[in-house]
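Below is one structure; the comments refer to it alone.
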Amino acid sequence: PTCVLGIDLGTTSVKAALVTGTERGLALAHSCSRDTQAHSHSLEAGPQGMEQSVQRIIQALNECLAALPQQQLQRVSHIGISGQMHGVVFWKSDKGCKWTEGSTGPAFEPEDISHLVTWQDGRCSPTFLSSLPLPQSHVSLATGFGCATVYWYLKKSPDFLKAYDAAGTIQDYVVAMLCDLKKPLMSVQNAASWGYFNSRSKSWNTDILEKSGFPVHLLPEVGDPGSIAGRTVRAWHGIPKGTEVGIALGDFQCSVYSCLTERTDAVLNISTSAQLTISMPPGFQPPETPDPSSALTYFPYFNGDYLAVAASLNGGNVLATFVGMVAQWTEELGLHVQESAIYTRIIQAALAQHHSKLSVHPTVFGERHVPEQLASVTSIAASELSLGHVTRALCRGIVENLNSMLPVQRLRETGVRRILGSGSALARNEVLRQEVERIFPFPVVYGKDVDAAVGAAMVM
């Protein structure tokens with residue numbers, strides 16, 4: 001039987017998954033994950049910059065593939081690749097990599113290439129962004145978006161761009177190297193996440209960009225997600241030469257694809273941050289221009305469909321901040337309690353408090369649509385100051401914040417009948433699960449594995 005290889009090039013780790021067909025459908029045969037430890041300091045952008053070493057990312061990818069069973073790699077018929085959206089890496093098209101012979105067969109190493117400027121990059125200040133031409137796109141331009149980063153180099157360090165003639169996301173780079181593409185090919189999913197891309201016409205805002213001196217020759221060709229980008233030009237870790245490689249995809253879309261089976265399902269993920277996602281009806285088109293104050297973003301999905309996403313910056317990181325504060329207070333009082341012990345105790349205390357009038361608005365990290373609105377606590381009564389009351393109110397606040405971004409009424413209007421719950425914070429915290437079930441009046445199914453590498457394989 002043949003296998004499909006799915007790869008996800010994440011912010012902190014790389015994952016490779018081998019998926020095989022069975023009588024019951026697709027099944028995960030093997031997977032491997034490696035931390036990239038690729039964070040690198042940006043001398044030009046300073047502390048606001050977030051860059052990663054492409055060499056380290058590819059090294060982690062090579063280690064993942066070397067750890068998978070060789071027999072099954074030799075039976076791979078298709079490769080699907082996803083990765084972090086928004087970010088950008090630059091390379092020389094004829095010198096992007098060099099192929100070497102390793103213990104598991106040929107592999108490539110990056111050669112004439114820049115650092116990856118990630119989606120978390122903060123070098124484009126609100127003032128800088130407001131100086132750029134207005135895009136013709138349904139997505140508001142933000143720092144960390146590929147085109148915004150190119151503009152930053154154009155204005156702050158123009159010589160940097162002269163050294164390269166190709167650009168893409170990190171996953172576009174890998175596809176280009178495997179298939180020896182002279183011009184990178186990018187999916188609509190990744191193009192929309194770069195800014196200055198019209199999803200309706202599936203084209204870059206070339207006129208707007210050219211007028212402002214933007215190096216449009218760096219923009220990749222664009223194709224539909226799910227289509228084939230090319231074939232491998234060499235054997236790769238035992239995977240046969242000539243294997244079909246899909247156009248690179250967005251990690252978010254692949255994560256959703258790995259667990260969303262019905263249009264009537266919503267996907268709720270609470271890990272470091274939090275997302276609530278629904279499928280828009282067939283034929284839906286996002287508005288021509290973005291509403292910067294809207295809490296919803298529309299992501300191109302597959303087959304011309306869109307996902308509506310409430311992407312909150314506040315999830316498990318809020319609870320981690322609260323636990324850190326409690327740990328710091330106890331230390332200042334001359335005691336030492338490990339954070340893991342605090343976490344267990346506060347959840348136990350909150351489980352004993354079913355109600356709390358205390359109201360916590362938990363946006364410690366702001367939100368993209370209201371960056372200036374930080375956290376607040378109201379309705380503080382002397383009887384509601386126990387750890388249990390505060391933790392219960394904090395967990396409820398995290399879920400209520402998501403509900404304010406994508407309300408129950410809207411879920412009902414789009415035909416949602418069930419919620420698929422995933423993410424480490426939701427798995428570890430029974431109080432959060434209770435609040436999800438209290439605020440969202442739908443059956444909730446937990447334990448759905450959201451896995452971008454598996455999703456990338458399933459698309460193929």
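By convention in this document, the chains of the structure tokens carry letters A, B, ... by their order, each chain's residues are numbered from 1, and ligands are numbered from 1 in the order they are shown.
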Using DSSP on the backbone coordinates, identify the residues of range 41-290 of chain A assigned to strand (DSSP E or B); present them as a PyMOL selection string.
chain A and resi 51-52+76-83+88-91+97-102+105-110+113+116-117+166-168+185-187+197-198+203-204+221-223+228-231+236+239+244-246+249-250+265-270+274-279
Per residue of range 195-272 of chain A within 6 Å of range 73-83 of chain A, record the nearest atom pair and its distance in Å to one decimal, counting only C-alpha atoms, with rows in chain order and ascending residue number, as CSV.
residue,atom,partner,partner_atom,distance
A:Gly238,CA,A:Gln74,CA,5.3
A:Ile239,CA,A:Gln74,CA,4.8
A:Thr243,CA,A:Ser77,CA,5.7
A:Glu244,CA,A:His78,CA,4.9
A:Val245,CA,A:Ile79,CA,4.7
A:Gly246,CA,A:Gly80,CA,5.2
A:Ala248,CA,A:Ile81,CA,5.2
A:Leu249,CA,A:Ser82,CA,4.5
A:Gly250,CA,A:Ser82,CA,5.4
A:Asp251,CA,A:Gly83,CA,4.8
What are the nearest atom pairs, with distances in Å to one decimal, for all residues of range 296-337 of chain A that come at most 12 Å from range 165-187 of chain A, using only C-alpha atoms, set out by chain and rising residue number as a tab-separated table?
residue	atom	partner	partner_atom	distance
A:Pro300	CA	A:Ser187	CA	9.7
A:Tyr301	CA	A:Ser187	CA	10.3
A:Phe302	CA	A:Ser187	CA	10.3
A:Gly304	CA	A:Ser187	CA	11.9
Using C-alpha atoms, can you export the residues from the last selection as a PDB file, in the first residue's frame?
ATOM      1  CA  PRO A 300      -9.477  30.897   2.415  1.00  0.00           C
ATOM      2  CA  TYR A 301     -10.032  27.163   2.987  1.00  0.00           C
ATOM      3  CA  PHE A 302     -10.400  24.475   0.277  1.00  0.00           C
ATOM      4  CA  GLY A 304     -13.266  28.011  -2.794  1.00  0.00           C
TER       5      GLY A 304
END
Option closest in space to Ala382 in chain A, from A:Arg410, A:Arg231, A:Arg200, A:Lys357 [counting only C-alpha atoms]:
A:Lys357
For range 387-399 of chain A, list every protein, DNA or RNA residue within 8 Å, evaluated using only C-alpha atoms, and leave out those in the same chain fewer than 6 positions away; present the list as a compact mmCIF listing (two decimals) with N, CA, C and O atoms, in the first residue's frame.
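Saved file result_16.txt follows:
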# COMPACT_ATOMS: atom_id res chain seq x y z
N ASN A 314 -5.65 35.58 23.63
CA ASN A 314 -5.73 35.26 25.06
C ASN A 314 -6.36 33.89 25.28
O ASN A 314 -7.55 33.70 25.05
N GLY A 315 -5.53 32.94 25.70
CA GLY A 315 -6.01 31.58 25.97
C GLY A 315 -5.31 31.04 27.19
O GLY A 315 -5.35 31.63 28.27
N LEU A 319 -3.91 32.05 31.78
CA LEU A 319 -3.82 31.23 33.00
C LEU A 319 -2.37 31.10 33.44
O LEU A 319 -2.07 31.15 34.64
N ILE A 346 -5.16 25.53 41.99
CA ILE A 346 -6.17 26.55 41.63
C ILE A 346 -7.34 25.90 40.88
O ILE A 346 -8.49 26.30 41.03
N ILE A 347 -7.04 24.86 40.08
CA ILE A 347 -8.12 24.17 39.37
C ILE A 347 -9.01 23.42 40.36
O ILE A 347 -10.24 23.47 40.30
N GLN A 348 -8.38 22.76 41.34
CA GLN A 348 -9.15 22.07 42.39
C GLN A 348 -10.04 23.06 43.14
O GLN A 348 -11.22 22.79 43.40
N ALA A 349 -9.47 24.22 43.47
CA ALA A 349 -10.23 25.24 44.21
C ALA A 349 -11.41 25.76 43.38
O ALA A 349 -12.51 25.97 43.89
N ALA A 350 -11.17 25.95 42.07
CA ALA A 350 -12.24 26.46 41.19
C ALA A 350 -13.35 25.44 40.99
O ALA A 350 -14.52 25.79 40.83
N LEU A 351 -12.99 24.14 41.00
CA LEU A 351 -14.00 23.09 40.85
C LEU A 351 -14.97 23.08 42.03
O LEU A 351 -16.12 22.67 41.90
N ALA A 352 -14.51 23.58 43.18
CA ALA A 352 -15.37 23.64 44.37
C ALA A 352 -16.28 24.87 44.37
O ALA A 352 -17.21 24.96 45.16
N GLN A 353 -16.01 25.82 43.47
CA GLN A 353 -16.82 27.06 43.37
C GLN A 353 -17.58 27.04 42.05
O GLN A 353 -17.00 27.30 41.00
N HIS A 354 -18.86 26.71 42.10
CA HIS A 354 -19.62 26.60 40.84
C HIS A 354 -20.06 27.97 40.32
O HIS A 354 -20.31 28.13 39.14
N HIS A 355 -20.16 28.93 41.21
CA HIS A 355 -20.63 30.26 40.79
C HIS A 355 -19.69 31.33 41.34
O HIS A 355 -19.11 31.17 42.40
N SER A 356 -19.58 32.40 40.61
CA SER A 356 -18.79 33.55 41.07
C SER A 356 -19.35 34.79 40.39
O SER A 356 -19.47 34.83 39.17
N LYS A 357 -19.71 35.80 41.19
CA LYS A 357 -20.22 37.06 40.61
C LYS A 357 -19.06 37.89 40.05
O LYS A 357 -19.26 38.81 39.28
N LEU A 358 -17.85 37.53 40.48
CA LEU A 358 -16.66 38.23 40.02
C LEU A 358 -16.59 38.16 38.49
O LEU A 358 -16.88 37.14 37.89
N SER A 359 -16.25 39.28 37.87
CA SER A 359 -16.18 39.31 36.40
C SER A 359 -14.76 39.67 35.97
O SER A 359 -14.25 40.73 36.33
N VAL A 360 -14.13 38.76 35.23
CA VAL A 360 -12.76 39.01 34.74
C VAL A 360 -12.81 39.15 33.22
O VAL A 360 -13.27 38.25 32.52
N HIS A 361 -12.34 40.29 32.72
CA HIS A 361 -12.15 40.45 31.28
C HIS A 361 -10.67 40.16 31.04
O HIS A 361 -9.81 40.96 31.42
N PRO A 362 -10.33 39.01 30.43
CA PRO A 362 -8.96 38.48 30.55
C PRO A 362 -7.97 38.92 29.48
O PRO A 362 -6.95 38.27 29.30
N VAL A 431 -12.18 23.03 34.59
CA VAL A 431 -12.98 24.25 34.81
C VAL A 431 -13.26 24.94 33.46
O VAL A 431 -14.39 25.36 33.19
N LEU A 432 -12.23 25.02 32.61
CA LEU A 432 -12.42 25.59 31.27
C LEU A 432 -13.48 24.81 30.50
O LEU A 432 -14.35 25.40 29.85
N GLU A 435 -16.93 25.66 31.68
CA GLU A 435 -17.37 26.99 31.22
C GLU A 435 -17.72 26.97 29.74
O GLU A 435 -18.65 27.65 29.31
N VAL A 436 -16.98 26.18 28.93
CA VAL A 436 -17.32 26.03 27.51
C VAL A 436 -18.74 25.49 27.38
O VAL A 436 -19.56 26.00 26.61
N ILE A 439 -21.41 28.13 28.47
CA ILE A 439 -21.59 29.33 27.62
C ILE A 439 -22.06 28.94 26.21
O ILE A 439 -22.83 29.67 25.58
Within 9 Å of Val188 in chain A using only C-alpha atoms, minus same-chain residues under 3 positions, as a PDB file with C-alpha atoms, in the first residue's frame:
ATOM      1  CA  ALA A 191      -1.030  34.592  -0.400  1.00  0.00           C
ATOM      2  CA  ALA A 192      -4.035  35.967   1.529  1.00  0.00           C
ATOM      3  CA  SER A 193      -1.942  35.853   4.712  1.00  0.00           C
ATOM      4  CA  PHE A 197      -3.829  39.842  -2.315  1.00  0.00           C
ATOM      5  CA  SER A 199      -8.944  36.437  -2.840  1.00  0.00           C
ATOM      6  CA  LYS A 202      -6.882  35.298  -6.878  1.00  0.00           C
ATOM      7  CA  SER A 203      -4.336  37.936  -7.798  1.00  0.00           C
ATOM      8  CA  VAL A 222      -0.412  31.643  -6.986  1.00  0.00           C
ATOM      9  CA  GLY A 223      -2.413  28.408  -7.281  1.00  0.00           C
ATOM     10  CA  ASP A 224      -5.341  26.642  -5.605  1.00  0.00           C
ATOM     11  CA  PRO A 225      -4.834  24.745  -2.337  1.00  0.00           C
ATOM     12  CA  LEU A 249      -0.711  25.154   2.606  1.00  0.00           C
ATOM     13  CA  PRO A 300      -9.477  30.897   2.415  1.00  0.00           C
ATOM     14  CA  TYR A 301     -10.032  27.163   2.987  1.00  0.00           C
TER      15      TYR A 301
END
Within 8 Å of Thr149 in chain A, counting only C-alpha atoms, which residues qualify if same-chain residues fewer than 4 places away don't, as number ranges by chain?
A: 88, 117, 123-124, 143-145, 153
Could you write out the selected residues, including all heavy atoms, as a CSV table (one decimal), in the first residue's frame?
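This is the output file part-v8.csv:
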chain,number,residue,atom,x,y,z
A,88,VAL,N,8.0,35.4,5.9
A,88,VAL,CA,8.6,35.4,4.6
A,88,VAL,C,10.1,35.1,4.7
A,88,VAL,O,10.8,35.4,5.7
A,88,VAL,CB,8.5,36.9,4.0
A,88,VAL,CG1,9.0,37.9,4.9
A,88,VAL,CG2,9.1,36.9,2.6
A,117,VAL,N,11.7,35.6,8.5
A,117,VAL,CA,11.0,36.6,9.3
A,117,VAL,C,9.7,36.0,9.6
A,117,VAL,O,8.8,35.9,8.7
A,117,VAL,CB,10.9,38.0,8.6
A,117,VAL,CG1,10.3,39.0,9.5
A,117,VAL,CG2,12.3,38.5,8.2
A,123,ARG,N,8.4,44.3,13.8
A,123,ARG,CA,9.1,45.4,13.3
A,123,ARG,C,8.3,46.5,12.7
A,123,ARG,O,8.7,47.7,12.6
A,123,ARG,CB,10.3,45.0,12.4
A,123,ARG,CG,9.8,44.5,11.0
A,123,ARG,CD,11.0,44.0,10.2
A,123,ARG,NE,11.5,42.8,10.8
A,123,ARG,CZ,12.6,42.2,10.5
A,123,ARG,NH1,13.4,42.7,9.5
A,123,ARG,NH2,13.0,41.1,11.1
A,124,CYS,N,7.1,46.1,12.1
A,124,CYS,CA,6.3,47.1,11.4
A,124,CYS,C,5.3,47.8,12.4
A,124,CYS,O,4.3,47.2,12.8
A,124,CYS,CB,5.5,46.5,10.3
A,124,CYS,SG,6.5,45.8,9.0
A,143,THR,N,1.7,43.7,11.1
A,143,THR,CA,3.1,43.4,11.2
A,143,THR,C,3.3,41.9,11.2
A,143,THR,O,2.4,41.1,11.7
A,143,THR,CB,3.7,44.0,12.5
A,143,THR,OG1,5.1,43.8,12.5
A,143,THR,CG2,3.1,43.4,13.8
A,144,GLY,N,4.3,41.4,10.6
A,144,GLY,CA,4.5,39.9,10.4
A,144,GLY,C,4.0,39.4,9.1
A,144,GLY,O,4.4,38.3,8.7
A,145,PHE,N,3.2,40.2,8.4
A,145,PHE,CA,2.7,39.8,7.1
A,145,PHE,C,3.9,39.9,6.0
A,145,PHE,O,4.6,40.9,6.0
A,145,PHE,CB,1.6,40.7,6.6
A,145,PHE,CG,0.2,40.3,7.2
A,145,PHE,CD1,0.1,39.7,8.5
A,145,PHE,CD2,-1.0,40.5,6.5
A,145,PHE,CE1,-1.1,39.4,9.0
A,145,PHE,CE2,-2.2,40.2,7.1
A,145,PHE,CZ,-2.3,39.6,8.4
A,153,TYR,N,11.9,46.3,4.5
A,153,TYR,CA,13.3,46.2,3.9
A,153,TYR,C,13.5,47.2,2.8
A,153,TYR,O,14.5,47.8,2.7
A,153,TYR,CB,13.5,44.8,3.4
A,153,TYR,CG,13.9,43.8,4.4
A,153,TYR,CD1,13.1,42.7,4.7
A,153,TYR,CD2,15.1,43.9,5.1
A,153,TYR,CE1,13.5,41.7,5.7
A,153,TYR,CE2,15.5,43.0,6.1
A,153,TYR,CZ,14.7,41.9,6.4
A,153,TYR,OH,15.0,41.0,7.3
Could you give me, as a tab-separated table, every range 81-152 of chain A residue with an atom at most 12 Å from range 36-42 of chain A, plus its closest atom pair and distance in Å to one decimal, counting only C-alpha atoms, rows ordered by chain then number?
residue	atom	partner	partner_atom	distance
A:Ser114	CA	A:Ser42	CA	11.3
A:His115	CA	A:Ser40	CA	8.2
A:Leu116	CA	A:Ser40	CA	9.3
A:Val117	CA	A:Ser42	CA	9.1
A:Thr118	CA	A:His39	CA	9.7
A:Gln120	CA	A:His39	CA	11.4
A:Asp121	CA	A:Ser42	CA	10.0
A:Gly122	CA	A:Ser42	CA	11.2
A:Arg123	CA	A:Ser42	CA	10.0
Selection near Met325 in chain A, 12 Å with only C-alpha atoms, sequence-local residues under 6 positions removed, as a PyMOL selection string:
chain A and resi 318-319+331-332+337+339+342-343
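The shortest atom-to-atom distance to Val54 in chain A, with only C-alpha atoms taken into account, belongs to A:Thr11 out of A:Thr11, A:Thr232, A:Gln285, A:Asn403.
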Which residues of range 319-427 of chain A come within 10 Å of range 279-283 of chain A, and what is each one's closest atom pair and distance in Å (one decimal), counting only C-alpha atoms, sorted by chain and residue number, as CSV?
residue,atom,partner,partner_atom,distance
A:Leu411,CA,A:Ser279,CA,10.0
A:Thr414,CA,A:Met280,CA,7.1
A:Gly415,CA,A:Pro281,CA,9.2
A:Val416,CA,A:Ser279,CA,9.0
What separation in Å, quoted to one decimal, exists between CA of Gly96 in chain A and CA of Trp204 in chain A?
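These atoms are spaced 23.9 Å apart.
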Among the residues of range 24-207 of chain A, find those DSSP assigns to alpha helix (DSSP H) from the backbone and print them as a VMD selection string.
chain A and resid 54 to 67 70 to 73 126 to 130 146 to 156 158 to 162 170 to 179 188 to 192 206 to 207
Compare A:Ser53, A:Gln328, A:Ser312, A:Ser386 by their minimum atom-to-atom distance to Phe365 in chain A, counting only C-alpha atoms, and give me the closest one.
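Smallest distance to Phe365 in chain A is found for A:Ser312.
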If you count only C-alpha atoms, which residues fall within 8 Å of Asn62 in chain A, apart from same-chain ones fewer than 4 positions away, as a list in words?
Ile58, Ala66 and Ala107 of chain A
Determine the nearest neighbour of Glu288 in chain A from the options A:Pro135, A:Pro441, A:Gly242, A:Pro407, counting only C-alpha atoms.
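Ranking A:Pro135, A:Pro441, A:Gly242, A:Pro407 by distance to Glu288 in chain A, first place goes to A:Pro135.
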